[in-house]
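Source file: coords37.cif. Holds: mmCIF, N, CA and C atoms.
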```cif
data_structure
#
loop_
_atom_site.label_atom_id
_atom_site.label_comp_id
_atom_site.auth_asym_id
_atom_site.auth_seq_id
_atom_site.Cartn_x
_atom_site.Cartn_y
_atom_site.Cartn_z
N MET A 20 0.85 -1.16 0.00
CA MET A 20 0.00 0.00 0.00
C MET A 20 0.90 1.23 0.00
N THR A 21 0.61 2.12 -0.92
CA THR A 21 1.35 3.36 -0.99
C THR A 21 0.41 4.52 -0.70
N SER A 22 0.89 5.46 0.09
CA SER A 22 0.12 6.66 0.39
C SER A 22 0.63 7.80 -0.46
N ALA A 23 -0.29 8.60 -0.96
CA ALA A 23 0.08 9.75 -1.78
C ALA A 23 -0.86 10.90 -1.49
N ASP A 24 -0.33 12.11 -1.68
CA ASP A 24 -1.16 13.31 -1.57
C ASP A 24 -1.52 13.74 -2.98
N VAL A 25 -2.81 13.87 -3.26
CA VAL A 25 -3.27 14.27 -4.58
C VAL A 25 -4.22 15.45 -4.44
N LEU A 26 -4.38 16.18 -5.53
CA LEU A 26 -5.33 17.28 -5.58
C LEU A 26 -6.61 16.75 -6.22
N VAL A 27 -7.73 16.91 -5.53
CA VAL A 27 -9.01 16.38 -5.98
C VAL A 27 -9.97 17.54 -6.18
N ARG A 28 -10.71 17.49 -7.28
CA ARG A 28 -11.74 18.50 -7.54
C ARG A 28 -13.07 17.99 -7.03
N ALA A 29 -13.72 18.77 -6.19
CA ALA A 29 -15.02 18.38 -5.63
C ALA A 29 -16.08 19.31 -6.16
N SER A 30 -17.18 18.73 -6.63
CA SER A 30 -18.28 19.55 -7.12
C SER A 30 -19.59 19.02 -6.57
N THR A 31 -20.51 19.92 -6.41
CA THR A 31 -21.85 19.57 -5.97
C THR A 31 -22.82 20.34 -6.85
N TYR A 32 -24.05 19.91 -6.92
CA TYR A 32 -25.02 20.45 -7.85
C TYR A 32 -25.25 21.95 -7.63
N GLY A 33 -25.08 22.74 -8.67
CA GLY A 33 -25.39 24.15 -8.63
C GLY A 33 -24.35 25.05 -8.00
N LYS A 34 -23.22 24.52 -7.59
CA LYS A 34 -22.18 25.33 -6.94
C LYS A 34 -20.89 25.22 -7.75
N THR A 35 -20.03 26.21 -7.61
CA THR A 35 -18.75 26.16 -8.30
C THR A 35 -17.85 25.12 -7.64
N PRO A 36 -17.09 24.38 -8.44
CA PRO A 36 -16.21 23.35 -7.87
C PRO A 36 -15.09 23.96 -7.02
N THR A 37 -14.60 23.18 -6.10
CA THR A 37 -13.47 23.58 -5.27
C THR A 37 -12.45 22.44 -5.28
N HIS A 38 -11.28 22.72 -4.77
CA HIS A 38 -10.21 21.71 -4.77
C HIS A 38 -9.91 21.27 -3.35
N PHE A 39 -9.70 19.98 -3.19
CA PHE A 39 -9.32 19.37 -1.93
C PHE A 39 -7.92 18.83 -2.05
N ALA A 40 -7.19 18.88 -0.96
CA ALA A 40 -5.95 18.14 -0.86
C ALA A 40 -6.31 16.83 -0.17
N ALA A 41 -6.09 15.71 -0.84
CA ALA A 41 -6.52 14.41 -0.31
C ALA A 41 -5.33 13.49 -0.12
N ARG A 42 -5.37 12.71 0.95
CA ARG A 42 -4.40 11.65 1.16
C ARG A 42 -5.08 10.36 0.71
N VAL A 43 -4.42 9.64 -0.18
CA VAL A 43 -5.00 8.46 -0.81
C VAL A 43 -4.08 7.27 -0.61
N ASN A 44 -4.66 6.12 -0.25
CA ASN A 44 -3.93 4.86 -0.21
C ASN A 44 -4.21 4.10 -1.49
N ASP A 45 -3.17 3.81 -2.26
CA ASP A 45 -3.30 2.99 -3.47
C ASP A 45 -2.90 1.57 -3.12
N PHE A 46 -3.72 0.60 -3.56
CA PHE A 46 -3.47 -0.80 -3.26
C PHE A 46 -2.89 -1.49 -4.48
N THR A 47 -1.88 -2.36 -4.24
CA THR A 47 -1.31 -3.16 -5.32
C THR A 47 -2.27 -4.32 -5.64
N GLN A 48 -1.98 -5.02 -6.72
CA GLN A 48 -2.81 -6.15 -7.13
C GLN A 48 -2.85 -7.22 -6.04
N ARG A 49 -1.72 -7.50 -5.43
CA ARG A 49 -1.65 -8.52 -4.38
C ARG A 49 -2.46 -8.10 -3.14
N GLU A 50 -2.34 -6.83 -2.74
CA GLU A 50 -3.09 -6.34 -1.58
C GLU A 50 -4.60 -6.39 -1.85
N ARG A 51 -4.99 -6.04 -3.07
CA ARG A 51 -6.41 -6.08 -3.43
C ARG A 51 -6.93 -7.51 -3.38
N MET A 52 -6.12 -8.47 -3.82
CA MET A 52 -6.54 -9.86 -3.79
C MET A 52 -6.68 -10.35 -2.34
N LEU A 53 -5.75 -9.98 -1.49
CA LEU A 53 -5.83 -10.38 -0.08
C LEU A 53 -7.02 -9.73 0.62
N ARG A 54 -7.30 -8.46 0.31
CA ARG A 54 -8.45 -7.78 0.90
C ARG A 54 -9.75 -8.44 0.44
N GLY A 55 -9.83 -8.83 -0.82
CA GLY A 55 -11.01 -9.51 -1.32
C GLY A 55 -11.20 -10.88 -0.67
N LEU A 56 -10.10 -11.58 -0.47
CA LEU A 56 -10.17 -12.88 0.18
C LEU A 56 -10.59 -12.75 1.64
N ARG A 57 -10.06 -11.74 2.33
CA ARG A 57 -10.46 -11.51 3.73
C ARG A 57 -11.92 -11.11 3.84
N ALA A 58 -12.47 -10.46 2.84
CA ALA A 58 -13.89 -10.11 2.86
C ALA A 58 -14.75 -11.34 2.55
N PHE A 59 -14.26 -12.26 1.71
CA PHE A 59 -15.02 -13.43 1.30
C PHE A 59 -15.07 -14.51 2.38
N LEU A 60 -13.95 -14.76 3.06
CA LEU A 60 -13.84 -15.91 3.95
C LEU A 60 -14.84 -15.96 5.12
N PRO A 61 -15.18 -14.86 5.78
CA PRO A 61 -16.16 -14.98 6.87
C PRO A 61 -17.53 -15.47 6.38
N TYR A 62 -17.96 -15.01 5.22
CA TYR A 62 -19.25 -15.45 4.69
C TYR A 62 -19.21 -16.91 4.27
N PHE A 63 -18.10 -17.30 3.65
CA PHE A 63 -17.96 -18.70 3.26
C PHE A 63 -17.90 -19.59 4.50
N GLY A 64 -17.22 -19.13 5.55
CA GLY A 64 -17.16 -19.89 6.80
C GLY A 64 -18.52 -20.04 7.44
N ALA A 65 -19.35 -18.98 7.36
CA ALA A 65 -20.71 -19.08 7.89
C ALA A 65 -21.52 -20.10 7.10
N GLY A 66 -21.33 -20.11 5.78
CA GLY A 66 -22.03 -21.11 4.95
C GLY A 66 -21.60 -22.52 5.28
N CYS A 67 -20.31 -22.72 5.53
CA CYS A 67 -19.82 -24.05 5.91
C CYS A 67 -20.35 -24.47 7.27
N ALA A 68 -20.42 -23.52 8.21
CA ALA A 68 -20.94 -23.85 9.54
C ALA A 68 -22.43 -24.19 9.49
N LEU A 69 -23.15 -23.56 8.58
CA LEU A 69 -24.59 -23.83 8.46
C LEU A 69 -24.90 -25.09 7.66
N LEU A 70 -23.86 -25.80 7.22
CA LEU A 70 -24.11 -27.08 6.53
C LEU A 70 -24.76 -28.10 7.46
N LEU A 71 -24.64 -27.88 8.77
CA LEU A 71 -25.24 -28.79 9.73
C LEU A 71 -26.76 -28.57 9.86
N VAL A 72 -27.24 -27.43 9.41
CA VAL A 72 -28.66 -27.08 9.55
C VAL A 72 -29.34 -27.23 8.19
N PRO A 73 -30.46 -27.97 8.13
CA PRO A 73 -31.17 -28.08 6.84
C PRO A 73 -31.75 -26.74 6.43
N PRO A 74 -31.87 -26.42 5.20
CA PRO A 74 -31.44 -27.07 3.96
C PRO A 74 -29.95 -26.82 3.71
N HIS A 75 -29.17 -27.84 3.71
CA HIS A 75 -27.72 -27.78 3.74
C HIS A 75 -27.11 -27.01 2.57
N ILE A 76 -27.39 -27.43 1.36
CA ILE A 76 -26.75 -26.84 0.18
C ILE A 76 -27.22 -25.41 -0.04
N VAL A 77 -28.46 -25.11 0.31
CA VAL A 77 -28.99 -23.75 0.13
C VAL A 77 -28.20 -22.76 0.98
N TRP A 78 -27.90 -23.12 2.22
CA TRP A 78 -27.11 -22.24 3.08
C TRP A 78 -25.72 -21.99 2.47
N LEU A 79 -25.08 -23.05 2.04
CA LEU A 79 -23.74 -22.91 1.47
C LEU A 79 -23.77 -22.05 0.21
N ALA A 80 -24.73 -22.30 -0.66
CA ALA A 80 -24.82 -21.52 -1.90
C ALA A 80 -25.13 -20.05 -1.61
N THR A 81 -26.02 -19.80 -0.68
CA THR A 81 -26.39 -18.42 -0.36
C THR A 81 -25.22 -17.65 0.21
N TRP A 82 -24.58 -18.21 1.24
CA TRP A 82 -23.49 -17.49 1.89
C TRP A 82 -22.24 -17.40 1.01
N THR A 83 -22.02 -18.38 0.14
CA THR A 83 -20.91 -18.29 -0.80
C THR A 83 -21.16 -17.17 -1.80
N THR A 84 -22.39 -17.04 -2.26
CA THR A 84 -22.73 -15.96 -3.19
C THR A 84 -22.57 -14.59 -2.53
N VAL A 85 -23.03 -14.46 -1.29
CA VAL A 85 -22.87 -13.20 -0.57
C VAL A 85 -21.38 -12.89 -0.39
N GLY A 86 -20.59 -13.89 -0.06
CA GLY A 86 -19.15 -13.70 0.09
C GLY A 86 -18.48 -13.28 -1.20
N ILE A 87 -18.90 -13.85 -2.32
CA ILE A 87 -18.33 -13.48 -3.61
C ILE A 87 -18.66 -12.03 -3.94
N VAL A 88 -19.88 -11.61 -3.66
CA VAL A 88 -20.27 -10.23 -3.94
C VAL A 88 -19.44 -9.25 -3.13
N PHE A 89 -19.33 -9.47 -1.82
CA PHE A 89 -18.57 -8.56 -0.97
C PHE A 89 -17.07 -8.67 -1.25
N GLY A 90 -16.57 -9.85 -1.53
CA GLY A 90 -15.15 -10.01 -1.86
C GLY A 90 -14.78 -9.32 -3.16
N ARG A 91 -15.65 -9.42 -4.16
CA ARG A 91 -15.40 -8.77 -5.45
C ARG A 91 -15.45 -7.25 -5.30
N LYS A 92 -16.37 -6.78 -4.48
CA LYS A 92 -16.46 -5.34 -4.22
C LYS A 92 -15.17 -4.82 -3.59
N ARG A 93 -14.64 -5.55 -2.63
CA ARG A 93 -13.39 -5.15 -1.97
C ARG A 93 -12.21 -5.29 -2.92
N TYR A 94 -12.23 -6.31 -3.79
CA TYR A 94 -11.15 -6.53 -4.74
C TYR A 94 -11.07 -5.40 -5.78
N LYS A 95 -12.21 -4.88 -6.18
CA LYS A 95 -12.23 -3.84 -7.20
C LYS A 95 -11.82 -2.47 -6.66
N GLN A 96 -11.72 -2.32 -5.34
CA GLN A 96 -11.34 -1.04 -4.75
C GLN A 96 -9.84 -0.85 -4.92
N ALA A 97 -9.46 0.04 -5.81
CA ALA A 97 -8.05 0.26 -6.11
C ALA A 97 -7.42 1.31 -5.21
N ARG A 98 -8.23 2.25 -4.72
CA ARG A 98 -7.69 3.29 -3.84
C ARG A 98 -8.70 3.64 -2.78
N GLU A 99 -8.19 4.22 -1.71
CA GLU A 99 -9.03 4.57 -0.56
C GLU A 99 -8.65 5.97 -0.08
N PHE A 100 -9.65 6.84 0.06
CA PHE A 100 -9.41 8.17 0.58
C PHE A 100 -9.26 8.09 2.10
N VAL A 101 -8.17 8.64 2.61
CA VAL A 101 -7.91 8.62 4.04
C VAL A 101 -8.34 9.93 4.67
N SER A 102 -8.00 11.05 4.03
CA SER A 102 -8.37 12.35 4.59
C SER A 102 -8.52 13.37 3.48
N LEU A 103 -9.31 14.41 3.78
CA LEU A 103 -9.51 15.54 2.88
C LEU A 103 -9.30 16.82 3.68
N SER A 104 -8.85 17.87 3.00
CA SER A 104 -8.74 19.16 3.68
C SER A 104 -8.99 20.28 2.68
N ALA A 105 -10.05 21.05 2.90
CA ALA A 105 -10.44 22.23 2.14
C ALA A 105 -11.87 22.57 2.50
N ALA A 106 -12.39 23.59 1.87
CA ALA A 106 -13.78 23.98 2.11
C ALA A 106 -14.68 23.28 1.09
N VAL A 107 -15.86 22.90 1.52
CA VAL A 107 -16.84 22.27 0.64
C VAL A 107 -17.50 23.37 -0.19
N PRO A 108 -17.88 23.14 -1.46
CA PRO A 108 -18.44 24.21 -2.29
C PRO A 108 -19.65 24.92 -1.65
N ARG A 109 -20.57 24.20 -1.09
CA ARG A 109 -21.76 24.80 -0.52
C ARG A 109 -21.46 25.48 0.82
N ALA A 110 -20.48 24.96 1.54
CA ALA A 110 -20.13 25.51 2.85
C ALA A 110 -18.96 26.48 2.76
N ALA A 111 -18.64 26.96 1.57
CA ALA A 111 -17.48 27.83 1.39
C ALA A 111 -17.65 29.17 2.08
N SER A 112 -18.87 29.59 2.31
CA SER A 112 -19.08 30.87 2.98
C SER A 112 -18.76 30.77 4.47
N ARG A 113 -18.73 29.56 4.99
CA ARG A 113 -18.39 29.37 6.40
C ARG A 113 -16.88 29.27 6.56
N GLU A 114 -16.45 28.82 7.71
CA GLU A 114 -15.03 28.69 7.98
C GLU A 114 -14.39 27.68 7.03
N PRO A 115 -13.33 28.04 6.31
CA PRO A 115 -12.70 27.11 5.39
C PRO A 115 -11.66 26.21 6.03
N GLU A 116 -11.68 26.07 7.35
CA GLU A 116 -10.62 25.33 8.04
C GLU A 116 -10.69 23.83 7.81
N ALA A 117 -11.68 23.19 8.38
CA ALA A 117 -11.77 21.73 8.31
C ALA A 117 -13.18 21.33 7.87
N PRO A 118 -13.32 20.64 6.75
CA PRO A 118 -14.66 20.27 6.29
C PRO A 118 -15.25 19.08 7.02
N ARG A 119 -14.45 18.35 7.77
CA ARG A 119 -14.89 17.14 8.48
C ARG A 119 -15.54 16.13 7.53
N CYS A 120 -15.02 16.06 6.31
CA CYS A 120 -15.54 15.12 5.32
C CYS A 120 -14.66 13.88 5.21
N ALA A 121 -13.66 13.76 6.05
CA ALA A 121 -12.68 12.70 5.89
C ALA A 121 -13.29 11.32 6.04
N ALA A 122 -14.23 11.14 6.97
CA ALA A 122 -14.80 9.81 7.19
C ALA A 122 -15.86 9.49 6.15
N ALA A 123 -16.73 10.43 5.82
CA ALA A 123 -17.80 10.22 4.85
C ALA A 123 -17.49 11.03 3.61
N ILE A 124 -16.88 10.40 2.63
CA ILE A 124 -16.43 11.10 1.44
C ILE A 124 -17.61 11.63 0.62
N GLN A 125 -18.69 10.87 0.52
CA GLN A 125 -19.79 11.25 -0.35
C GLN A 125 -20.61 12.41 0.20
N ARG A 126 -20.57 12.65 1.48
CA ARG A 126 -21.45 13.66 2.07
C ARG A 126 -20.69 14.51 3.09
N CYS A 127 -20.89 15.81 3.03
CA CYS A 127 -20.24 16.73 3.96
C CYS A 127 -20.99 16.74 5.28
N ALA A 128 -20.27 16.68 6.39
CA ALA A 128 -20.91 16.69 7.71
C ALA A 128 -21.42 18.08 8.07
N ASP A 129 -20.82 19.13 7.52
CA ASP A 129 -21.24 20.49 7.84
C ASP A 129 -22.56 20.85 7.17
N CYS A 130 -22.62 20.71 5.84
CA CYS A 130 -23.79 21.20 5.12
C CYS A 130 -24.65 20.08 4.54
N GLY A 131 -24.20 18.84 4.54
CA GLY A 131 -24.98 17.72 4.03
C GLY A 131 -24.95 17.58 2.52
N ALA A 132 -24.07 18.30 1.84
CA ALA A 132 -24.00 18.24 0.38
C ALA A 132 -23.35 16.93 -0.07
N PHE A 133 -23.88 16.35 -1.14
CA PHE A 133 -23.25 15.18 -1.75
C PHE A 133 -22.16 15.68 -2.69
N LEU A 134 -20.98 15.08 -2.60
CA LEU A 134 -19.84 15.53 -3.37
C LEU A 134 -19.47 14.54 -4.45
N LYS A 135 -19.07 15.05 -5.60
CA LYS A 135 -18.52 14.23 -6.66
C LYS A 135 -17.04 14.56 -6.72
N LEU A 136 -16.19 13.56 -6.46
CA LEU A 136 -14.75 13.78 -6.41
C LEU A 136 -14.11 13.33 -7.71
N GLU A 137 -13.25 14.17 -8.27
CA GLU A 137 -12.53 13.85 -9.50
C GLU A 137 -11.05 14.15 -9.29
N ASP A 138 -10.20 13.28 -9.79
CA ASP A 138 -8.76 13.49 -9.71
C ASP A 138 -8.39 14.56 -10.73
N THR A 139 -7.75 15.64 -10.28
CA THR A 139 -7.43 16.73 -11.21
C THR A 139 -6.38 16.33 -12.22
N ALA A 140 -5.51 15.39 -11.88
CA ALA A 140 -4.49 14.94 -12.84
C ALA A 140 -5.14 14.18 -13.99
N ALA A 141 -6.21 13.44 -13.72
CA ALA A 141 -6.88 12.67 -14.76
C ALA A 141 -7.76 13.56 -15.62
N THR A 142 -8.32 14.65 -15.07
CA THR A 142 -9.22 15.50 -15.83
C THR A 142 -8.47 16.59 -16.58
N ALA A 143 -7.22 16.88 -16.21
CA ALA A 143 -6.47 17.96 -16.87
C ALA A 143 -5.83 17.51 -18.15
#
```
Please re-express this file's structure in structure tokens.
Amino acid sequence: MTSADVLVRASTYGKTPTHFAARVNDFTQRERMLRGLRAFLPYFGAGCALLLVPPHIVWLATWTTVGIVFGRKRYKQAREFVSLSAAVPRAASREPEAPRCAAAIQRCADCGAFLKLEDTAATA
């Protein structure tokens, strides 16, 4: 896993875009595979444990399918936002110190705006 600081453009409906400084964790292919496997195994284990309870095969098939869905979702995650720092477009009139959006990337805790994040290096 490599950490990098990138410049991210954030926009919300009807407001001018603003720029965030974001810390991003990029995952290698091997790390993504291990993360997907760690997400899959608890569900598969639950399916195996429920083999003792009828209907046996239905439990295994159901929990294996759920594990595949969550494991694939985790495997496809190539990067993870760790922190953001800047003012949110809708909350720009307030204090521009800390947006408190680091934990919930899609929604600002101050104003409740949904944010669309774009990498400025990819859009430029």
Of A:Pro73, A:Leu136, A:Gln96, A:Ser102, the one sitting nearest A:Asp45 when using only N, CA and C atoms is A:Gln96
Practice item. Name the residues captured by the PyMOL selection byres (((chain A and resi 59-72 and name CA) around 7) and name CA) when it is applied to the shown file; answer as number ranges by chain. Key: A: 55-58, 73-76, 78-79, 82-83, 85-87, 89-90
- Coordinates-based distance that separates atom CA of A:Met20 from atom CA of A:Thr139 (Å, one decimal):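 Rounded to one decimal, the two atoms are 21.5 Å apart.
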Output as JSON lines one row per residue of stretch 80-102 of chain A within 12 Å of stretch 27-41 of chain A: the closest atom pair and its distance in Å to one decimal place, counting only C-alpha atoms, sorted by chain and residue number ascending.
```
{"residue": "A:Arg98", "atom": "CA", "partner": "A:Ala41", "partner_atom": "CA", "distance": 11.7}
{"residue": "A:Glu99", "atom": "CA", "partner": "A:Ala41", "partner_atom": "CA", "distance": 10.2}
{"residue": "A:Phe100", "atom": "CA", "partner": "A:Ala41", "partner_atom": "CA", "distance": 6.9}
{"residue": "A:Val101", "atom": "CA", "partner": "A:Ala41", "partner_atom": "CA", "distance": 7.4}
{"residue": "A:Ser102", "atom": "CA", "partner": "A:Ala41", "partner_atom": "CA", "distance": 5.6}
```
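If you measure from each of A:Lys135, A:Arg42, A:Arg49, A:Arg54 to A:Ser104 using all atoms listed in the file, the closest one turns out to be A:Arg42.
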